[in-house]
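Undergrad: Here it is, the structure in full.
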Amino acid sequence: MRSSAVAVRNVTKRFASHQALDSVTLDVTASESVVIFGPSGCGKTTLLRLLGGLDVPDDGEIWLGGVQVAGPGRSLLPPYRRRIGFVFQDLALWPHLTVSGNLEFVVDTLKVPRSERHRRIDDALRLVRIDGFAARYPHELSGGEQQRLALARALVGSPRLLLLDEPLSSLDAELRAAMRTELARLQKALALTTIYVTHDREDAAVLADRVIEMRAGRVVTATGTARTEGRA
Amino acid sequence: MNPSSRAVVVTLAVVVFALCSLAPVAYLLAVALADLDPAGLWLDARQRQLLWNTGLLGVGTATLATVIGAPLGVALAHVTLPLRSFLRLALAMPLLLPPYVVALVWTYLCGGRGVIASLAGRDVLSGWTYSLPAAILVLSLVYYPLSMLVTEVALRRIDGRLEEAAVVSAPPLLVLRRITLPLAAPGVLAAALVIFVLSVSEFGVPGLLRVRVYTTEVFTAFAALYDSSRAMLLAVPLLLVCLIVAFVAVALAGERLVSTRRGHGTRPVLLEGWRVPAAVAAILAVGLSLGVPLTVLVREALSVGSLSAVVEGSGRAISNSLVLAAIGATAVVAVALWLGYARARSSGCLGRLADVLFVVAFAVPSTIVGVGLIGIWNRPGLVGTVYGTDVMLILGYLARFVPVAALAIAAVTRYVPVSQEEAAAVGGAGWLRTMTRIVVPQIRLGLLTAWIIAFVLAFGELGVSILVAPPGEATLPIRIYTIIANTPPSHVAVLALLQTAVVLSPLAVLALALPLRASAGARRVSTAAGAREAR
């Protein structure tokens with residue numbers, strides 16, 4: 001458990017009569033990119049929300065970087081102390097803040113000097129290639145640029161774990177392919193531990209070191225991909 | 001009915017709205033501007049003092065009501081308060097209290113021989129009893145629920161995922177300050193502007209607390225000095241201020257005025273640790289704004305010799321009020337239904353124009369509406385036959401309350417998808433049949449709510465009624481207002497208590513029914529949320 005970047009132990013989550021997660025156990029090593037794959041309603045988003053601290057498991061334990069962050073019915077570490085970056089399905093960009101304002105909100109919570117904060121924002125924008133749009137508002141960006149902003153916001157706080165909840169689902173096929181390649185590039189460059197939720201097999205093939213398939217709240221298979229074999 | 005039946009019915013409603021709500025204002029503006037002497041209007045020291053007092057009353061009330069109401073709205077939206085639905089209703093109740101009744105309570109509480117003086121053994125507050133700060137405090141205690149409810153709605157409309165995206169990076173208070181509150185700010189500001197307009201339009205409270213503002217001066221000029229041209233001249237600056245502020249409020253609120261959608265996503269609880277302070281603050285607010293007025297009224301009323309004699313002495317005013325408010329509310333809803341429907345199905349410029357007209361019409365001070373109605377209807381011939389009858393009171397209720405009822409009905413009508421009407425039309429139903437069989441049954445609860453709101457407002461209406469009521473006829477508010485000076489406080493308290501009981505009883509019934517509905521609703525919501533969340 002201590003050697004895993006992420007350790008999920010027998011986690012169960014129920015919403016009223018619906019069993020969202022049923023005794024899920026999962027380990028992710030540092031710098032590994034795991035894709036959680038499965039149909040709608042299989043519990044993959046619920047698992048991501050539990051890792052992010054946005055929900056609490058009914059039973060089981062969640063460990064991040066060797067620290068227990070959640071136990072049965074309680075959160076042991078609030079979301080903002082877990083050092084995670086989260087890209088939401090609908091991006092959830094703050095409409096009243098500019099591009100740099102969206103990133104500033106995140107870096108303002110870090111205990112770093114002001115000059116360092118500006119440097120981090122510039123670096124993050126450059127990394128996702130929207131450094132010319134700092135003064136724009138989210139609604140002034142194209143779909144692809146908004147996607148990049150969501151990524152920059154998730155990365156600017158230097159997270160130890162990046163969680164992505166079907167971030168490409170709203171894009172058209174062409175843009176989706178381009179963004180997928182962009183994500184793969186970033187993963188490689190940053191060597192970040194990543195958990196990516198999708199129901200698209202192509203996303204899984206391009207982005208995953210390991211694909212975990214879920215159905216009806218349970219992990220049914222966990223397989224390495226061609227990418228992992230190539231790496232080995 | 002042919003396809004144009006919709007145009008005919010909606011046009012008729014628009015004509016009634018224009019005649020009742022807009023024509024008095026237009027008439028007043030036309031008459032006042034025809035005789036306008038700009039120098040007399042602006043350079044008169046008395047006018048400047050009036051403008052200053054009126055402005056202070058509006059700004060002071062809007063600020064204090066927001067300071068009290070907005071944090072309570074935040075608490076209702078972001079703190080898991082015990083008995084939240086019940087608390088929300090209790091906190092909202094003061095909005096239904098006739099403001100002059102609360103002012104009356106204030107005089108009983110703080111006057112030279114009031115409750116506080118008798119408890120303290122000396123007169124400590126009488127210097128403040130009849131003053132501008134007292135009027136600001138009284139009006140703030142009546143209007144803070146408006147800020148509270150708008151703030152809560154504004155916060156609940158925010159997409160929960162915007163807040164979730166923030167809580168993974170920042171502590172809850174920072175999320176509240178930098179993400180949540182800025183997103184809700186336009187709504188909160190619009191509510192403050194509406195409170196400003198309501199305060200400067202209010203007649204009963206400044207009248208009772210002897211604060212000289214435009215509304216009281218208009219009333220004095222018209223009813224005491226019989227100087228209608230001065231009354232009209234005095235009305236112009238107040239009218240302009242109200243219209244400008246109402247316009248800004250509509251611009252800020254935008255489609256939120258008639259849209260009741262809730263934000264998507266799960267809402268993170270941002271202030272979980274604030275349960276106890278928030279609950280204490282809410283209970284304190286209920287105590288101050290509802291508990292104290294009711295207790296003081298009951299205390300005064302208990303000292304009356306014969307309860308039945310007091311009620312019988314005002315029996316005609318009481319029955320007049322009940323009957324006229326019921327007829328008025330029915331007429332208001334009958335007109336507002338079609339206006340609200342038309343607004344719900346309009347978008348773009350036409351929709352915005354309707355919003356501006358509704359809010360502006362609602363913002364027109366009551367005494368100005370009264371003077372305008374008299375100007376239109378007090379003339380010889382067929383038109384004049386209406387003047388001097390109870391119909392004038394109904395016209396006054398229509399003028400004041402159709403706009404707010406139309407906005408409320410527009411909001412609920414938006415829940416009925418247009419496709420349902422289209423499906424009925426494809427099935428061969430005419431528009432009127434579609435309305436009566438498809439639309440109205442689905443919004444009947446909204447219509448009932450609009451009727452109750454209109455009834456409560458009409459039952460407590462004073463500013464228009466006191467000007468247009470036929471000689472010898474009185475409603476309960478007029479009766480209370482006119483006997484204050486020469487009747488024992490206990491008699492007035494009995495009538496004020498009766499007035500309060502009638503306006504609060506619909507909400508009290510609702511409050512008692514809520515725990516049952518809430519538990520059933522919670523079961524349904526948790527099941528639905530579970531199914532939605534488990535993706």
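How things are named: the first chain in the structure tokens is A, the next is B, and so on; residues count from 1 in each chain; ligands count from 1 in the order shown.
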Quick one: residues within 8 Å of range 446-463 of chain B, only C-alpha atoms, excluding same-chain residues fewer than 5 positions away - as a VMD selection string?
TA: chain B and resid 96 to 98 202 to 204 321 to 322 324 to 326 328 to 330 332 to 333 337 366 to 367 370 397 401 405 408 to 409 412 476 to 478 499 502 to 503 506
Undergrad: Output the contact residues of chain A with respect to chain B at a cut-off of 7 Å, based on only C-alpha atoms, as a tab-separated table (two decimals) with C-alpha atoms, in the first residue's frame.
TA:
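Resulting contents of out15.tsv:
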```
chain	number	residue	atom	x	y	z
A	15	PHE	CA	-26.76	5.77	-3.47
A	16	ALA	CA	-30.14	4.86	-1.99
A	17	SER	CA	-30.95	1.48	-3.55
A	18	HIS	CA	-28.25	1.70	-6.23
A	20	ALA	CA	-22.50	2.32	-7.36
A	40	SER	CA	-22.44	4.50	-18.38
A	41	GLY	CA	-23.55	3.76	-14.82
A	42	CYS	CA	-20.75	1.28	-14.09
A	43	GLY	CA	-19.36	3.42	-11.25
A	44	LYS	CA	-16.23	4.83	-12.88
A	45	THR	CA	-17.08	8.49	-12.19
A	46	THR	CA	-18.05	7.60	-8.61
A	52	GLY	CA	-10.86	13.42	-5.43
A	79	PRO	CA	-9.93	17.55	-1.30
A	80	TYR	CA	-7.68	20.62	-1.44
A	84	ILE	CA	-4.81	16.36	-7.09
A	92	ALA	CA	-16.30	23.49	-15.08
A	93	LEU	CA	-14.30	26.57	-16.04
A	94	TRP	CA	-15.13	29.56	-13.85
A	96	HIS	CA	-16.30	35.13	-14.20
A	106	VAL	CA	-5.33	27.51	-7.85
A	109	THR	CA	-3.58	28.57	-2.43
```
Undergrad: So how many Å separate CA of His118 in chain A and CA of Ala135 in chain A, to one decimal?
TA: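 These two atoms are separated by 13.5 Å.
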Undergrad: Show which residues sit within 10 Å of Leu47 in chain A, as a compact mmCIF listing (two decimals) with C-alpha atoms, in the first residue's frame. Count only C-alpha atoms, and ignore same-chain residues fewer than 4 positions away.
TA:
```
# COMPACT_ATOMS: atom_id res chain seq x y z
CA VAL A 8 -8.15 1.63 -3.16
CA VAL A 11 -14.34 0.45 -1.44
CA THR A 12 -18.11 0.35 -1.50
CA LYS A 13 -20.49 3.19 -2.33
CA ALA A 20 -22.50 2.32 -7.36
CA LEU A 21 -19.27 0.60 -6.24
CA VAL A 24 -13.48 -2.19 -5.50
CA ILE A 36 -10.90 3.16 -16.28
CA CYS A 42 -20.75 1.28 -14.09
CA GLY A 43 -19.36 3.42 -11.25
CA LEU A 51 -10.38 9.65 -5.06
CA GLY A 52 -10.86 13.42 -5.43
CA GLY A 53 -12.58 13.67 -2.05
CA ASP A 55 -17.68 11.93 -2.07
CA VAL A 56 -17.00 9.64 0.88
CA PRO A 57 -16.92 5.82 0.63
CA VAL A 197 -12.22 7.68 -17.05
CA GLY A 217 -19.70 -1.23 -9.74
CA ALA B 534 -23.57 6.18 -10.27
CA ARG B 535 -22.14 6.53 -13.72
```
Undergrad: Using CA of Ala30 in chain B and CA of Arg212 in chain B as the two end points, give the distance in Å to one decimal.
TA: 25.6 Å
Undergrad: Given only C-alpha atoms as the basis, pick out the residue of B:Ala191, B:Leu288, B:Leu393, B:Met93 nearest to Leu137 in chain B.
TA: B:Leu288
Undergrad: Write out as an MDAnalysis selection string all residues of range 115-166 of chain A that DSSP puts in helix (DSSP H, G or I) for this structure's backbone.
TA: chainID A and resid 115:127 131:133 138:140 143:155
Undergrad: Determine, counting only C-alpha atoms, which protein, DNA and RNA residues have an atom within 8 Å of an atom of Ala282 in chain B; residues of the same chain fewer than 5 positions away are not included. Present the result as a ChimeraX atom specification.
TA: /B:72,87,91
Undergrad: Here is a test: counting only C-alpha atoms, which residue of B:Thr220, B:Thr54, B:Ser289, B:Thr80 is nearest to Val269 in chain B?
TA: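 For Val269 in chain B, the nearest of the candidates is B:Thr80.
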Undergrad: Just the residues within 9 Å of Ala154 in chain A, please, counting only C-alpha atoms, with nothing from its chain fewer than 4 positions along; format it as a PyMOL selection string.
TA: (chain A and resi 84-87+103+106+149-150+158-159+162-163) or (chain B and resi 169)
Undergrad: Go ahead and save the picked residues with C-alpha atoms, as a JSON list (two decimals), in the first residue's frame.
TA:
```json
[["chain", "number", "residue", "atom", "x", "y", "z"],
["A", 84, "ILE", "CA", -4.81, 16.36, -7.09],
["A", 85, "GLY", "CA", -5.68, 17.92, -10.41],
["A", 86, "PHE", "CA", -9.20, 17.21, -11.66],
["A", 87, "VAL", "CA", -10.50, 17.71, -15.19],
["A", 103, "LEU", "CA", -5.14, 29.41, -12.90],
["A", 106, "VAL", "CA", -5.33, 27.51, -7.85],
["A", 149, "LEU", "CA", -7.41, 25.61, -20.13],
["A", 150, "ALA", "CA", -9.07, 22.90, -18.01],
["A", 158, "SER", "CA", 1.82, 20.60, -9.48],
["A", 159, "PRO", "CA", -0.49, 17.74, -8.45],
["A", 162, "LEU", "CA", -4.27, 13.83, -12.23],
["A", 163, "LEU", "CA", -7.90, 12.71, -12.47],
["B", 169, "SER", "CA", -7.72, 23.22, -5.03]]
```
Undergrad: Contacts of Ala251 in chain B at 9 Å or less, counting only C-alpha atoms, minus same-chain residues fewer than 4 places along, as a PyMOL selection string?
TA: chain B and resi 190+246-247+352+356
Undergrad: Please determine, counting only C-alpha atoms, which residue among B:Pro24, B:Gly313, B:Gly187, B:Gly430 has the shortest atom-to-atom distance to Leu395 in chain B.
TA: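 Once distances to Leu395 in chain B are computed over only C-alpha atoms, the minimum belongs to B:Pro24.
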Undergrad: Residues near Val492 in chain B, anyone? I mean within 9 Å using only C-alpha atoms, not counting same-chain ones fewer than 5 positions away, as a list in words.
TA: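 Answer for this query is Leu104, Glu300, Ala301, Val310, Ile480, Tyr481, Ile483, Ile484, Thr487 and Leu497 of chain B.
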Undergrad: Store the residues of this selection in a file with C-alpha atoms, as a tab-separated table (two decimals), in the first residue's frame.
TA:
```tsv
chain	number	residue	atom	x	y	z
B	104	LEU	CA	-46.70	50.23	14.87
B	300	GLU	CA	-50.94	45.06	23.80
B	301	ALA	CA	-54.04	43.24	22.59
B	310	VAL	CA	-63.24	46.03	18.97
B	480	ILE	CA	-55.93	50.83	11.44
B	481	TYR	CA	-53.96	53.71	9.96
B	483	ILE	CA	-57.52	55.26	14.21
B	484	ILE	CA	-53.92	55.09	15.47
B	487	THR	CA	-57.77	55.14	19.76
B	497	LEU	CA	-52.97	41.24	15.10
```
Undergrad: Just to confirm, what's the straight-line distance from CA of Ala7 in chain B to CA of Arg343 in chain B in Å (one decimal)?
TA: 13.0 Å
Undergrad: Which is closer to Val194 in chain B than all the others in B:Val150, B:Leu22, B:Ala410, B:Val311, using only C-alpha atoms?
TA: B:Val150
